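Asks: The following file, work-v2.txt, comprises compact mmCIF, C-alpha atoms and all ligand atoms:
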# COMPACT_ATOMS: atom_id res chain seq x y z
CA MET A 1 -7.32 22.24 25.85
CA GLU A 2 -6.29 24.92 23.47
CA GLU A 3 -3.60 27.57 22.93
CA LYS A 4 -4.15 31.31 22.87
CA ASN A 5 -1.32 33.90 23.00
CA ASN A 6 1.20 31.20 23.83
CA THR A 7 -0.90 30.30 26.90
CA LEU A 8 -2.75 27.09 27.67
CA TYR A 9 -6.53 27.32 27.95
CA ILE A 10 -8.76 24.58 29.34
CA ASP A 11 -12.40 24.62 28.28
CA GLY A 12 -12.08 28.30 27.35
CA VAL A 13 -10.31 29.43 30.54
CA SER A 14 -6.68 30.57 30.76
CA THR A 15 -4.58 28.37 33.01
CA VAL A 16 -2.43 31.35 33.99
CA TYR A 17 -5.57 33.14 35.18
CA LEU A 18 -6.66 30.00 37.09
CA ALA A 19 -3.26 29.64 38.75
CA GLU A 20 -3.33 33.31 39.82
CA LYS A 21 -6.92 33.20 41.05
CA TYR A 22 -6.84 29.92 42.97
CA GLY A 23 -3.13 29.28 43.55
CA THR A 24 -1.28 26.07 42.78
CA PRO A 25 -1.17 23.11 42.87
CA LEU A 26 -4.62 23.09 41.37
CA TYR A 27 -6.79 20.38 39.89
CA VAL A 28 -8.75 21.66 36.90
CA TYR A 29 -11.56 19.67 35.25
CA SER A 30 -13.11 20.41 31.89
CA VAL A 31 -16.82 19.79 32.38
CA THR A 32 -17.29 19.78 28.61
CA ASP A 33 -14.80 16.92 28.29
CA ILE A 34 -16.60 14.88 30.96
CA LYS A 35 -19.95 15.51 29.27
CA ASN A 36 -18.49 14.59 25.88
CA ARG A 37 -17.23 11.28 27.22
CA ILE A 38 -20.60 10.46 28.67
CA ALA A 39 -22.25 11.49 25.39
CA GLU A 40 -19.93 9.04 23.61
CA LEU A 41 -21.01 6.31 25.98
CA LYS A 42 -24.63 7.16 25.30
CA GLU A 43 -24.08 7.00 21.57
CA ASP A 44 -21.91 3.88 21.53
CA PHE A 45 -23.68 1.93 24.23
CA LEU A 46 -26.71 3.21 26.11
CA ASN A 47 -28.69 4.39 23.10
CA LYS A 48 -27.33 1.78 20.76
CA TYR A 49 -28.30 -1.29 22.78
CA GLU A 50 -31.41 -1.70 24.83
CA ASN A 51 -31.21 -2.71 28.43
CA THR A 52 -27.78 -1.37 29.20
CA THR A 53 -26.43 0.65 32.13
CA VAL A 54 -23.34 2.78 32.71
CA SER A 55 -22.21 3.14 36.27
CA TYR A 56 -19.45 5.71 36.76
CA ALA A 57 -16.74 4.24 39.03
CA SER A 58 -16.47 7.10 41.46
CA LYS A 59 -13.19 5.87 42.95
CA ALA A 60 -11.55 7.58 39.95
CA PHE A 61 -12.75 11.00 41.12
CA LEU A 62 -15.55 11.98 43.44
CA THR A 63 -16.72 15.18 45.02
CA LYS A 64 -20.29 16.35 45.56
CA ALA A 65 -20.00 18.46 42.40
CA MET A 66 -18.96 15.40 40.43
CA ALA A 67 -21.82 13.34 41.85
CA LYS A 68 -24.22 16.13 40.84
CA LEU A 69 -22.79 16.19 37.34
CA ILE A 70 -23.20 12.41 37.02
CA ALA A 71 -26.76 12.72 38.30
CA GLU A 72 -27.52 15.41 35.71
CA GLU A 73 -26.07 13.21 33.00
CA GLY A 74 -28.44 10.47 34.11
CA ILE A 75 -26.03 7.58 34.57
CA ASN A 76 -25.47 5.39 37.63
CA LEU A 77 -22.78 5.76 40.26
CA ASP A 78 -20.55 3.00 41.54
CA VAL A 79 -19.21 3.43 45.08
CA VAL A 80 -16.82 1.21 47.02
CA SER A 81 -16.96 2.50 50.57
CA GLY A 82 -19.17 4.17 53.13
CA GLY A 83 -17.23 7.36 52.40
CA GLU A 84 -18.00 7.39 48.68
CA LEU A 85 -21.59 6.46 49.47
CA PHE A 86 -21.82 9.31 51.97
CA ILE A 87 -20.53 11.85 49.44
CA ALA A 88 -23.02 10.61 46.84
CA LEU A 89 -25.92 10.81 49.29
CA SER A 90 -24.78 14.24 50.49
CA ALA A 91 -25.06 15.41 46.87
CA ASN A 92 -28.60 13.99 46.76
CA PHE A 93 -27.54 11.42 44.20
CA PRO A 94 -30.57 9.15 43.66
CA ALA A 95 -29.91 6.10 45.86
CA GLU A 96 -31.60 3.68 43.48
CA LYS A 97 -28.92 4.53 40.92
CA ILE A 98 -26.06 3.75 43.28
CA GLU A 99 -24.20 0.44 43.00
CA PHE A 100 -22.14 -0.63 45.98
CA ASN A 101 -18.97 -2.54 45.08
CA GLY A 102 -15.74 -3.31 46.91
CA ASN A 103 -14.11 -6.10 48.87
CA ASN A 104 -14.48 -6.51 52.64
CA LYS A 105 -17.52 -4.29 53.03
CA LEU A 106 -17.99 -3.46 56.67
CA TYR A 107 -21.21 -3.87 58.59
CA ASP A 108 -21.67 -0.13 59.02
CA GLU A 109 -21.16 0.43 55.30
CA ILE A 110 -23.72 -2.21 54.39
CA ASP A 111 -26.07 -0.75 56.99
CA LEU A 112 -25.77 2.72 55.41
CA ALA A 113 -26.34 1.25 51.94
CA VAL A 114 -29.38 -0.79 52.88
CA LYS A 115 -30.91 1.92 55.05
CA ASN A 116 -30.72 4.32 52.10
CA SER A 117 -32.00 1.73 49.61
CA VAL A 118 -29.08 1.73 47.21
CA GLY A 119 -29.90 0.16 43.86
CA LYS A 120 -27.58 -2.81 44.06
CA ILE A 121 -24.91 -4.36 46.19
CA ILE A 122 -22.19 -6.32 44.43
CA ILE A 123 -21.23 -9.07 46.85
CA ASP A 124 -17.48 -9.54 46.83
CA GLY A 125 -16.86 -11.99 49.67
CA ALA A 126 -18.50 -14.70 51.76
CA SER A 127 -19.01 -12.50 54.82
CA GLU A 128 -21.30 -10.02 53.09
CA LEU A 129 -24.56 -11.89 52.48
CA ASP A 130 -25.41 -12.43 56.15
CA MET A 131 -24.75 -8.79 56.93
CA ILE A 132 -26.94 -7.68 54.04
CA ILE A 133 -29.77 -9.96 55.17
CA ASP A 134 -29.41 -8.70 58.71
CA CYS A 135 -29.71 -5.07 57.59
CA ALA A 136 -32.50 -5.87 55.15
CA LYS A 137 -34.53 -7.40 57.98
CA LYS A 138 -33.83 -4.40 60.19
CA TYR A 139 -35.09 -1.93 57.59
CA ASN A 140 -37.62 -4.29 56.01
CA LYS A 141 -36.10 -4.00 52.55
CA LYS A 142 -35.38 -6.36 49.73
CA VAL A 143 -31.85 -5.89 48.42
CA ASN A 144 -30.73 -6.39 44.81
CA VAL A 145 -27.41 -8.20 44.64
CA LEU A 146 -24.89 -9.34 42.08
CA TYR A 147 -21.97 -11.62 42.79
CA ARG A 148 -18.50 -10.59 41.72
CA VAL A 149 -16.46 -13.42 40.25
CA THR A 150 -12.83 -13.70 39.20
CA PRO A 151 -12.81 -15.20 35.73
CA GLY A 152 -9.11 -16.09 35.97
CA ILE A 153 -7.97 -13.70 33.27
CA ASP A 154 -4.61 -11.94 33.30
CA ALA A 155 -5.26 -8.43 32.05
CA HIS A 156 -1.66 -7.56 31.09
CA THR A 157 -1.58 -4.27 32.87
CA HIS A 158 0.33 -3.15 35.95
CA GLU A 159 0.16 -5.88 38.59
CA TYR A 160 -1.43 -3.51 41.11
CA ILE A 161 -4.35 -2.70 38.79
CA SER A 162 -4.98 -6.19 37.43
CA THR A 163 -7.96 -7.65 39.25
CA GLY A 164 -9.44 -10.56 37.30
CA LYS A 165 -6.73 -13.16 37.89
CA ALA A 166 -7.52 -16.29 39.92
CA ASP A 167 -4.96 -15.13 42.49
CA SER A 168 -6.80 -11.97 43.49
CA LYS A 169 -8.30 -10.64 46.69
CA PHE A 170 -11.43 -9.67 44.76
CA GLY A 171 -14.53 -11.68 44.04
CA PHE A 172 -15.49 -15.34 44.23
CA PRO A 173 -13.71 -18.22 42.51
CA LEU A 174 -15.93 -19.57 39.74
CA ASP A 175 -16.35 -22.97 41.38
CA GLU A 176 -17.53 -21.50 44.68
CA VAL A 177 -19.93 -18.79 43.69
CA LEU A 178 -22.93 -20.96 42.89
CA GLU A 179 -23.16 -22.21 46.47
CA GLU A 180 -23.29 -18.57 47.55
CA VAL A 181 -25.92 -17.74 44.97
CA LYS A 182 -28.11 -20.57 46.25
CA LYS A 183 -27.93 -19.10 49.75
CA ALA A 184 -28.95 -15.72 48.37
CA LYS A 185 -31.84 -17.22 46.47
CA ASN A 186 -33.10 -18.81 49.65
CA SER A 187 -33.54 -15.49 51.36
CA GLU A 188 -36.74 -13.51 51.01
CA TYR A 189 -34.71 -10.37 51.63
CA ILE A 190 -32.47 -10.82 48.61
CA ASN A 191 -33.14 -10.38 44.93
CA PHE A 192 -30.32 -12.12 43.05
CA LEU A 193 -29.71 -10.31 39.75
CA GLY A 194 -26.56 -11.85 38.32
CA TYR A 195 -22.81 -11.58 38.03
CA HIS A 196 -20.08 -8.98 37.96
CA PHE A 197 -16.46 -9.11 36.91
CA HIS A 198 -13.75 -6.49 36.50
CA LEU A 199 -10.56 -7.47 34.75
CA GLY A 200 -8.25 -4.59 35.46
CA SER A 201 -7.60 -1.00 34.61
CA GLN A 202 -5.94 0.97 31.80
CA LEU A 203 -6.65 -1.80 29.27
CA PHE A 204 -6.25 -1.44 25.52
CA GLU A 205 -7.26 -4.84 24.16
CA ASN A 206 -10.82 -6.04 23.73
CA ASP A 207 -9.93 -9.71 23.57
CA ILE A 208 -9.63 -10.15 27.31
CA TYR A 209 -13.25 -9.02 27.74
CA LEU A 210 -14.26 -11.56 25.10
CA ASN A 211 -12.23 -14.31 26.78
CA ALA A 212 -13.79 -13.48 30.13
CA LEU A 213 -17.25 -13.72 28.57
CA ASP A 214 -16.58 -17.28 27.42
CA ILE A 215 -15.79 -18.20 30.99
CA VAL A 216 -18.74 -16.35 32.47
CA PHE A 217 -21.16 -17.88 29.94
CA GLU A 218 -20.26 -21.28 31.38
CA LEU A 219 -21.09 -20.00 34.82
CA ILE A 220 -24.41 -18.63 33.58
CA GLU A 221 -25.23 -21.98 32.01
CA ASP A 222 -24.34 -23.74 35.24
CA THR A 223 -26.52 -21.30 37.15
CA ILE A 224 -29.50 -21.98 34.90
CA ASN A 225 -28.99 -25.73 35.17
CA LYS A 226 -28.66 -25.74 38.92
CA THR A 227 -31.10 -23.04 39.95
CA GLY A 228 -33.51 -23.15 37.03
CA GLU A 229 -33.20 -19.43 36.36
CA ASN A 230 -31.40 -17.16 33.92
CA ILE A 231 -29.55 -14.14 35.28
CA LYS A 232 -31.05 -10.66 34.94
CA GLU A 233 -27.87 -8.62 34.88
CA LEU A 234 -24.24 -9.00 33.85
CA ASN A 235 -21.74 -6.33 34.85
CA ILE A 236 -18.47 -6.48 32.90
CA GLY A 237 -16.63 -3.82 34.94
CA GLY A 238 -14.58 -0.91 33.62
CA GLY A 239 -10.94 -0.58 32.72
CA PHE A 240 -10.95 1.14 29.30
CA GLY A 241 -7.54 2.74 28.80
CA ILE A 242 -6.78 6.42 28.17
CA THR A 243 -3.92 8.50 26.78
CA TYR A 244 -1.31 9.76 29.22
CA THR A 245 1.66 10.11 26.86
CA SER A 246 1.70 8.11 23.64
CA GLU A 247 -0.92 5.41 24.32
CA LYS A 248 -3.60 5.23 21.68
CA ARG A 249 -6.94 5.56 23.34
CA GLN A 250 -9.53 3.28 21.78
CA PRO A 251 -13.09 4.52 21.34
CA PHE A 252 -15.64 2.86 23.63
CA SER A 253 -17.08 1.10 20.60
CA TYR A 254 -13.82 -0.80 20.12
CA PHE A 255 -14.54 -2.64 23.35
CA LEU A 256 -18.30 -2.58 23.43
CA GLU A 257 -19.23 -3.57 19.89
CA PRO A 258 -17.59 -7.02 19.94
CA VAL A 259 -18.64 -7.51 23.55
CA MET A 260 -22.29 -6.79 22.77
CA GLU A 261 -22.18 -8.83 19.61
CA LYS A 262 -20.86 -11.80 21.55
CA ILE A 263 -23.37 -11.41 24.36
CA GLU A 264 -26.33 -10.97 22.04
CA GLY A 265 -25.17 -13.93 19.97
CA TYR A 266 -24.88 -16.16 22.99
CA PHE A 267 -28.26 -15.37 24.50
CA SER A 268 -30.12 -15.56 21.22
CA LEU A 269 -28.45 -18.90 20.40
CA LYS A 270 -29.58 -20.23 23.75
CA ASN A 271 -33.00 -18.74 23.26
CA LEU A 272 -32.67 -16.84 26.49
CA GLU A 273 -33.56 -13.29 27.33
CA ARG A 274 -30.41 -11.17 27.33
CA PRO A 275 -29.66 -9.78 30.80
CA THR A 276 -29.07 -6.08 31.39
CA ILE A 277 -25.45 -5.33 30.56
CA THR A 278 -23.68 -2.89 32.84
CA ILE A 279 -20.26 -1.30 32.47
CA GLU A 280 -18.35 0.55 35.16
CA PRO A 281 -15.86 2.98 33.61
CA GLY A 282 -14.02 5.42 35.85
CA ARG A 283 -10.75 6.56 34.30
CA SER A 284 -12.13 6.77 30.75
CA ILE A 285 -14.78 9.30 31.84
CA VAL A 286 -12.64 11.67 33.90
CA GLY A 287 -8.98 10.88 33.27
CA GLU A 288 -8.35 13.11 30.28
CA ALA A 289 -10.77 15.78 31.49
CA GLY A 290 -8.52 16.57 34.47
CA TYR A 291 -5.31 18.62 34.57
CA THR A 292 -3.00 19.61 37.40
CA LEU A 293 -1.37 23.04 37.47
CA TYR A 294 1.83 23.62 39.43
CA THR A 295 4.25 26.50 39.88
CA VAL A 296 7.94 25.94 39.23
CA GLY A 297 10.12 26.64 42.27
CA SER A 298 13.74 25.68 42.59
CA ILE A 299 15.74 24.40 39.65
CA LYS A 300 18.83 22.27 40.20
CA ASP A 301 21.06 21.65 37.23
CA ILE A 302 23.62 18.93 37.93
CA GLU A 303 25.91 19.42 35.02
CA GLY A 304 26.07 16.51 32.65
CA ILE A 305 23.72 14.47 34.80
CA ARG A 306 20.23 15.88 35.23
CA LYS A 307 18.25 19.06 35.62
CA TYR A 308 15.63 18.90 38.35
CA VAL A 309 12.68 21.26 38.04
CA ALA A 310 10.81 21.27 41.35
CA ILE A 311 7.08 21.99 41.49
CA ASP A 312 4.90 22.93 44.45
CA GLY A 313 3.08 19.56 44.62
CA GLY A 314 4.12 16.05 43.73
CA MET A 315 3.38 12.55 44.98
CA THR A 316 0.85 13.93 47.45
CA ASP A 317 -1.47 15.06 44.65
CA ASN A 318 -0.38 12.41 42.12
CA ILE A 319 0.95 9.17 43.57
CA ARG A 320 0.67 7.30 40.26
CA PRO A 321 4.27 7.76 39.00
CA ALA A 322 5.68 6.61 42.34
CA LEU A 323 3.20 3.74 42.73
CA TYR A 324 2.91 2.37 39.19
CA SER A 325 5.79 4.05 37.34
CA ALA A 326 2.99 5.84 35.48
CA GLU A 327 4.12 8.26 32.79
CA TYR A 328 2.82 11.76 32.08
CA ARG A 329 3.57 14.64 29.76
CA ALA A 330 4.09 18.27 30.73
CA ILE A 331 3.24 21.63 29.20
CA VAL A 332 4.66 24.99 30.26
CA ALA A 333 1.25 26.60 30.45
CA ASN A 334 2.45 30.22 30.24
CA ASN A 335 4.88 29.49 27.39
CA ILE A 336 3.48 26.63 25.35
CA LYS A 337 5.42 27.36 22.20
CA GLY A 338 8.67 28.26 23.96
CA ASP A 339 11.90 27.35 22.28
CA PRO A 340 14.38 25.66 22.66
CA LEU A 341 13.18 22.52 24.37
CA GLU A 342 15.21 20.87 27.09
CA THR A 343 14.99 17.55 28.89
CA VAL A 344 14.32 17.92 32.60
CA THR A 345 13.10 15.86 35.53
CA ILE A 346 9.98 17.31 37.08
CA CYS A 347 10.06 16.49 40.77
CA GLY A 348 7.79 17.21 43.69
CA LYS A 349 8.52 18.70 47.09
CA CYS A 350 8.17 15.58 49.22
CA CYS A 351 11.04 14.08 51.17
CA GLU A 352 11.34 11.06 48.87
CA SER A 353 13.74 10.60 45.98
CA GLY A 354 10.90 8.76 44.22
CA ASP A 355 8.77 11.90 44.26
CA ILE A 356 9.19 12.38 40.53
CA ILE A 357 6.25 13.29 38.32
CA ILE A 358 8.12 12.97 35.00
CA LYS A 359 11.63 11.60 34.70
CA ASP A 360 12.47 12.93 31.25
CA ALA A 361 10.11 15.72 30.27
CA GLN A 362 10.71 17.65 27.06
CA ILE A 363 9.69 21.21 27.81
CA PRO A 364 10.71 24.73 26.81
CA LEU A 365 13.44 26.30 28.93
CA THR A 366 11.72 26.98 32.21
CA GLN A 367 12.27 29.29 35.14
CA PRO A 368 10.88 29.74 38.65
CA GLY A 369 7.33 31.06 38.55
CA ASP A 370 6.38 29.24 35.34
CA ILE A 371 3.13 27.30 35.42
CA ILE A 372 3.49 23.62 34.56
CA CYS A 373 0.39 21.75 33.47
CA ILE A 374 0.23 17.97 33.62
CA PRO A 375 -2.68 16.67 31.51
CA SER A 376 -4.61 13.42 32.09
CA THR A 377 -4.58 13.65 35.87
CA GLY A 378 -8.36 13.54 36.28
CA ALA A 379 -8.54 9.92 37.43
CA TYR A 380 -6.92 8.62 40.60
CA GLY A 381 -5.12 11.90 41.28
CA TYR A 382 -7.26 13.70 43.82
CA SER A 383 -8.88 10.42 44.86
CA MET A 384 -5.51 9.02 45.94
CA ALA A 385 -4.09 12.30 47.27
CA SER A 386 -2.49 12.34 50.69
CA ASN A 387 -1.18 14.79 53.26
CA TYR A 388 2.32 13.32 53.34
CA ASN A 389 4.80 15.83 54.74
CA CYS A 390 1.67 17.70 55.85
CA LEU A 391 1.21 19.18 52.41
CA LEU A 392 -2.25 20.58 51.84
CA LYS A 393 -4.57 18.94 49.34
CA PRO A 394 -5.12 21.23 46.34
CA ALA A 395 -8.32 23.00 45.40
CA ILE A 396 -10.48 21.71 42.53
CA VAL A 397 -11.93 23.97 39.86
CA PHE A 398 -14.51 22.99 37.25
CA VAL A 399 -14.28 24.94 33.99
CA GLU A 400 -16.83 24.99 31.21
CA ASN A 401 -17.11 27.20 28.12
CA GLY A 402 -15.00 30.00 29.54
CA GLU A 403 -16.47 29.92 33.08
CA ASP A 404 -14.64 28.70 36.18
CA LYS A 405 -16.14 27.45 39.41
CA LEU A 406 -14.39 26.42 42.60
CA VAL A 407 -15.86 23.09 43.74
CA LEU A 408 -13.41 22.20 46.50
CA LYS A 409 -11.36 24.64 48.55
CA ARG A 410 -7.66 24.15 49.09
CA GLU A 411 -6.97 22.68 52.52
CA THR A 412 -5.64 24.98 55.21
CA TYR A 413 -3.15 24.30 57.98
CA ASN A 414 -6.07 24.07 60.37
CA ASP A 415 -7.42 21.12 58.41
CA LEU A 416 -4.25 19.28 59.37
CA ILE A 417 -5.06 19.44 63.07
CA ARG A 418 -8.87 19.51 63.05
CA ASN A 419 -9.21 15.97 64.40
CA GLU A 420 -6.48 16.23 66.97
CA THR A 421 -7.67 16.00 70.54
CA GLU A 422 -4.74 17.52 72.45
N1 LIG A 501 -15.07 -1.45 38.65
C1 LIG A 501 -14.30 -2.06 39.57
C2 LIG A 501 -14.83 -3.17 40.33
C3 LIG A 501 -13.01 -1.60 39.80
O1 LIG A 501 -12.26 -2.19 40.71
C4 LIG A 501 -12.51 -0.49 39.07
C5 LIG A 501 -11.18 0.03 39.30
C6 LIG A 501 -13.35 0.11 38.12
C7 LIG A 501 -14.63 -0.41 37.93
C8 LIG A 501 -12.95 1.30 37.29
O2 LIG A 501 -11.85 1.07 36.50
P1 LIG A 501 -11.38 2.18 35.43
O3 LIG A 501 -12.45 2.27 34.38
O4 LIG A 501 -11.21 3.45 36.17
O5 LIG A 501 -10.09 1.65 34.91
N2 LIG A 501 -5.52 3.58 41.16
C9 LIG A 501 -5.25 2.88 39.93
C10 LIG A 501 -6.50 2.27 39.34
C11 LIG A 501 -7.16 1.31 40.27
C12 LIG A 501 -8.42 0.81 39.69
C13 LIG A 501 -9.17 0.03 40.68
N3 LIG A 501 -10.41 -0.43 40.21
C14 LIG A 501 -4.61 3.85 38.94
O6 LIG A 501 -4.39 5.00 39.30
O7 LIG A 501 -4.25 3.48 37.84
Could you express the structure from this file as structure tokens?

Replies:
Amino acid sequence: MEEKNNTLYIDGVSTVYLAEKYGTPLYVYSVTDIKNRIAELKEDFLNKYENTTVSYASKAFLTKAMAKLIAEEGINLDVVSGGELFIALSANFPAEKIEFNGNNKLYDEIDLAVKNSVGKIIIDGASELDMIIDCAKKYNKKVNVLYRVTPGIDAHTHEYISTGKADSKFGFPLDEVLEEVKKAKNSEYINFLGYHFHLGSQLFENDIYLNALDIVFELIEDTINKTGENIKELNIGGGFGITYTSEKRQPFSYFLEPVMEKIEGYFSLKNLERPTITIEPGRSIVGEAGYTLYTVGSIKDIEGIRKYVAIDGGMTDNIRPALYSAEYRAIVANNIKGDPLETVTICGKCCESGDIIIKDAQIPLTQPGDIICIPSTGAYGYSMASNYNCLLKPAIVFVENGEDKLVLKRETYNDLIRNETE
């Protein structure tokens, strides 16, 4: 983002122009930023180490346009539901580059995945293998699988986004997974590739990945001893943290260099071929590339207590503050350099006192009609949006080098009743 004539520009396009053209609230994505992140991953990982894969975790943000962009960039796509899979397939995303993750996969979802020959299924629970075999028989396919394990690591992030602890709904306990793997290896319809773990999200320390590796190496050793075979792939999940307010984003290399050094060291020490190493970043690819634009409506100044600045969206387009006490920063997009600054509470228009986007935002004196931009909303904003209070989901615009393109229309009132039958 950049400033021109006291106005905020994103990827060469004026936010005031975007707000006028498309209305607000509006999600805006800088395509250049997304491409730059992927280029960084190529430099720090894909091109630096052989036999590595990046699978974009599409739960962070997915539309057909995004799937097409990921396809053009040549990396894989991670989906966690029939819905995400459907969007990817609708965008003609190459099925062999799709990885199907997620707990409690349903029969119909597995059926859709196997029928379309997705690249891999990451088995997350005991009920999945039989369903996969059943579908594989039906379509006469052999399915590549990994097993997700919980290494028992506490990721020190918000409880709701910590996923690698022993007490987790995700994955297999380490002492149970080998029995499952043996079952998979017994089936002619299954090609067992290896293991997957994901420790949590919005992480800033590399040591937990290294600690998890120690634990998973033991599992790999056990697997070789008991099945006679090395694994072919190890997926270490995503979770690399980004900047919302004052967090210091680490470059990908901060995580991946020590991780790769440890992995290469281990496999060469054991004289074993190193498996393919896959990572699954979501937030770190799209989070900082996405911005939300809002228009200021009513302002309520409770003297000596608080000044509420209400915007035309809120927890419906960004649930993260209400759900995780997530923090954001704000910019008055039509008056970036305005002076003096004041401390205000930026609230949404939902009937919830917790519908607060920023509790204490430092912004220039603002008035109704101003455009407020909240940066770093590209991940888990649109993907977790709702229609609470029957608010309409915003439009999405992609901008790149001064050009803007609508990729998703704003919902209309008719969308709210389109599935009603009476
Ligand atoms: N792989 C698996 C298996 C995952 O469960 C996740 C995220 C990722 C990859 C991608 O993680 P990332 O690189 O985006 O951190 N809604 C929450 C985040 C939930 C993350 C769930 N799993 C939020 O808004 O913070």

Asks: Near segment 141-144 of chain A, within 10 Å and counting only C-alpha atoms, which residues show up once chain neighbours fewer than 3 positions away are dropped, as number ranges by chain?

Replies: A: 99, 113-122, 132-133, 135-138, 187-194

Asks: Using only C-alpha atoms and all ligand atoms, can you tell me which of A:Asn76, A:Asn225, A:Asn318, A:Ser253 comes closest to ligand LIG 501 (chain A)?

Replies: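 Using only C-alpha atoms and all ligand atoms, ligand LIG 501 (chain A) sits closest to A:Asn318.
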
Asks: Find the nearest atom pair between each residue of chain A and ligand LIG 501 (chain A) for residues within 7 Å, count only C-alpha atoms and all ligand atoms, give distances in Å to one decimal, sort rows by chain and ascending number, and present the table as a tab-separated table.

Replies:
residue	atom	partner	partner_atom	distance
A:Ala57	CA	A:LIG501	C8	5.1
A:Ala60	CA	A:LIG501	O4	5.6
A:Asn101	CA	A:LIG501	C2	6.3
A:Gly102	CA	A:LIG501	C2	6.6
A:Ile161	CA	A:LIG501	C11	5.1
A:His198	CA	A:LIG501	C2	5.2
A:Gly200	CA	A:LIG501	O5	6.5
A:Ser201	CA	A:LIG501	O5	3.6
A:Gln202	CA	A:LIG501	O5	5.2
A:Gly237	CA	A:LIG501	N1	4.7
A:Gly238	CA	A:LIG501	O3	3.9
A:Gly239	CA	A:LIG501	O5	3.2
A:Phe240	CA	A:LIG501	O3	5.4
A:Gly241	CA	A:LIG501	O5	6.7
A:Glu280	CA	A:LIG501	C7	4.7
A:Pro281	CA	A:LIG501	O3	3.6
A:Gly282	CA	A:LIG501	O4	3.4
A:Arg283	CA	A:LIG501	O4	3.7
A:Ser284	CA	A:LIG501	O3	5.8
A:Arg320	CA	A:LIG501	O6	5.6
A:Ala379	CA	A:LIG501	O6	6.7
A:Tyr380	CA	A:LIG501	O6	4.6

Asks: Within 12 Å of segment 261-276 of chain A, which residues of segment 90-208 of chain A come that close, and what is the closest atom pair and distance in Å for each? Count all atoms listed in the file and give it as CSV.

Replies:
residue,atom,partner,partner_atom,distance
A:Leu146,CA,A:Thr276,CA,11.9
A:Leu193,CA,A:Pro275,CA,9.0
A:Gly194,CA,A:Pro275,CA,8.4
A:Tyr195,CA,A:Pro275,CA,10.1
A:His196,CA,A:Thr276,CA,11.5
A:Asn206,CA,A:Lys262,CA,11.8
A:Asp207,CA,A:Lys262,CA,11.3

Asks: Can you work out the spacing between atom CA of Ala65 of chain A and atom CA of Ala330 of chain A in Å, to one decimal?

Replies: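 Between atom CA of Ala65 of chain A and atom CA of Ala330 of chain A the gap is 26.8 Å.
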
Asks: Here is a test: counting all atoms listed in the file, which residue of A:Ala395, A:Leu112, A:Val54, A:Met131 is nearest to Leu41 of chain A?

Replies: A:Val54

Asks: With distances taken over only C-alpha atoms, which residue among A:Leu293, A:Ile110, A:Ala39, A:Val399 lies nearest Ser127 of chain A?

Replies: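 Closest to Ser127 of chain A, using only C-alpha atoms: A:Ile110.
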
Asks: Just want the 9 Å neighbourhood of Asp44 of chain A, counted on all atoms listed in the file, with same-chain residues fewer than 3 positions away dropped. Output as a list in words.

Replies: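 Neighbouring residues, sequence-local ones excluded: Ala39, Glu40, Leu41, Asn47, Lys48, Tyr49, Pro251, Phe252, Ser253, Leu256 and Glu257 of chain A.
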
Asks: Nearest to Asn6 of chain A among A:Ser30, A:Ser298, A:Asn335, A:Ser58, with distances taken over only C-alpha atoms: which residue is it?

Replies: A:Asn335

Asks: Pick from A:Asp130, A:Lys183, A:Ile299, A:Ser383: nearest to Gly287 of chain A, with all atoms listed in the file counted?

Replies: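 Using all atoms listed in the file, Gly287 of chain A sits closest to A:Ser383.
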
Asks: Select, counting all atoms listed in the file, all protein, DNA and RNA residues no farther than 6 Å from (5.4, 25.7, 41.9) in file coordinates, and express the selection as a ChimeraX atom specification.

Replies: /A:294-297,311-312

Asks: Please, which residues are within 10 Å of (-14.8, 26.4, 28.3) by the file's coordinates, counting all atoms listed in the file, and could they come as a list in words?

Replies: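 Residues with an atom at most 10 Å from (-14.8, 26.4, 28.3): Met1, Glu2, Tyr9, Ile10, Asp11, Gly12, Val13, Ser14, Ser30, Val31, Thr32, Asp33, Phe398, Val399, Glu400, Asn401, Gly402, Glu403 and Asp404 of chain A.
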
Asks: Looking at only C-alpha atoms, which of A:Lys349, A:Lys105, A:Arg37, A:Lys337 is the one that sits closest to Ala126 of chain A?

Replies: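 Residue with the minimum atom-to-atom distance to Ala126 of chain A: A:Lys105.
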
Asks: Which residues are near segment 90-92 of chain A? Cut-off 12 Å, all atoms listed in the file, ignore same chain within fewer than 5 positions. Put them as a CSV table (one decimal) with C-alpha atoms, keeping the file's coordinate frame.

Replies:
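After the write, selection-v1.csv holds the following:
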chain,number,residue,atom,x,y,z
A,62,LEU,CA,-15.6,12.0,43.4
A,63,THR,CA,-16.7,15.2,45.0
A,64,LYS,CA,-20.3,16.4,45.6
A,65,ALA,CA,-20.0,18.5,42.4
A,66,MET,CA,-19.0,15.4,40.4
A,67,ALA,CA,-21.8,13.3,41.8
A,68,LYS,CA,-24.2,16.1,40.8
A,69,LEU,CA,-22.8,16.2,37.3
A,70,ILE,CA,-23.2,12.4,37.0
A,71,ALA,CA,-26.8,12.7,38.3
A,72,GLU,CA,-27.5,15.4,35.7
A,77,LEU,CA,-22.8,5.8,40.3
A,82,GLY,CA,-19.2,4.2,53.1
A,83,GLY,CA,-17.2,7.4,52.4
A,84,GLU,CA,-18.0,7.4,48.7
A,85,LEU,CA,-21.6,6.5,49.5
A,97,LYS,CA,-28.9,4.5,40.9
A,98,ILE,CA,-26.1,3.8,43.3
A,116,ASN,CA,-30.7,4.3,52.1

Asks: Could you state the separation of atom CA of Asn389 of chain A and atom CA of Ser353 of chain A in Å, given to one decimal place?

Replies: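 The value is 13.6 Å.
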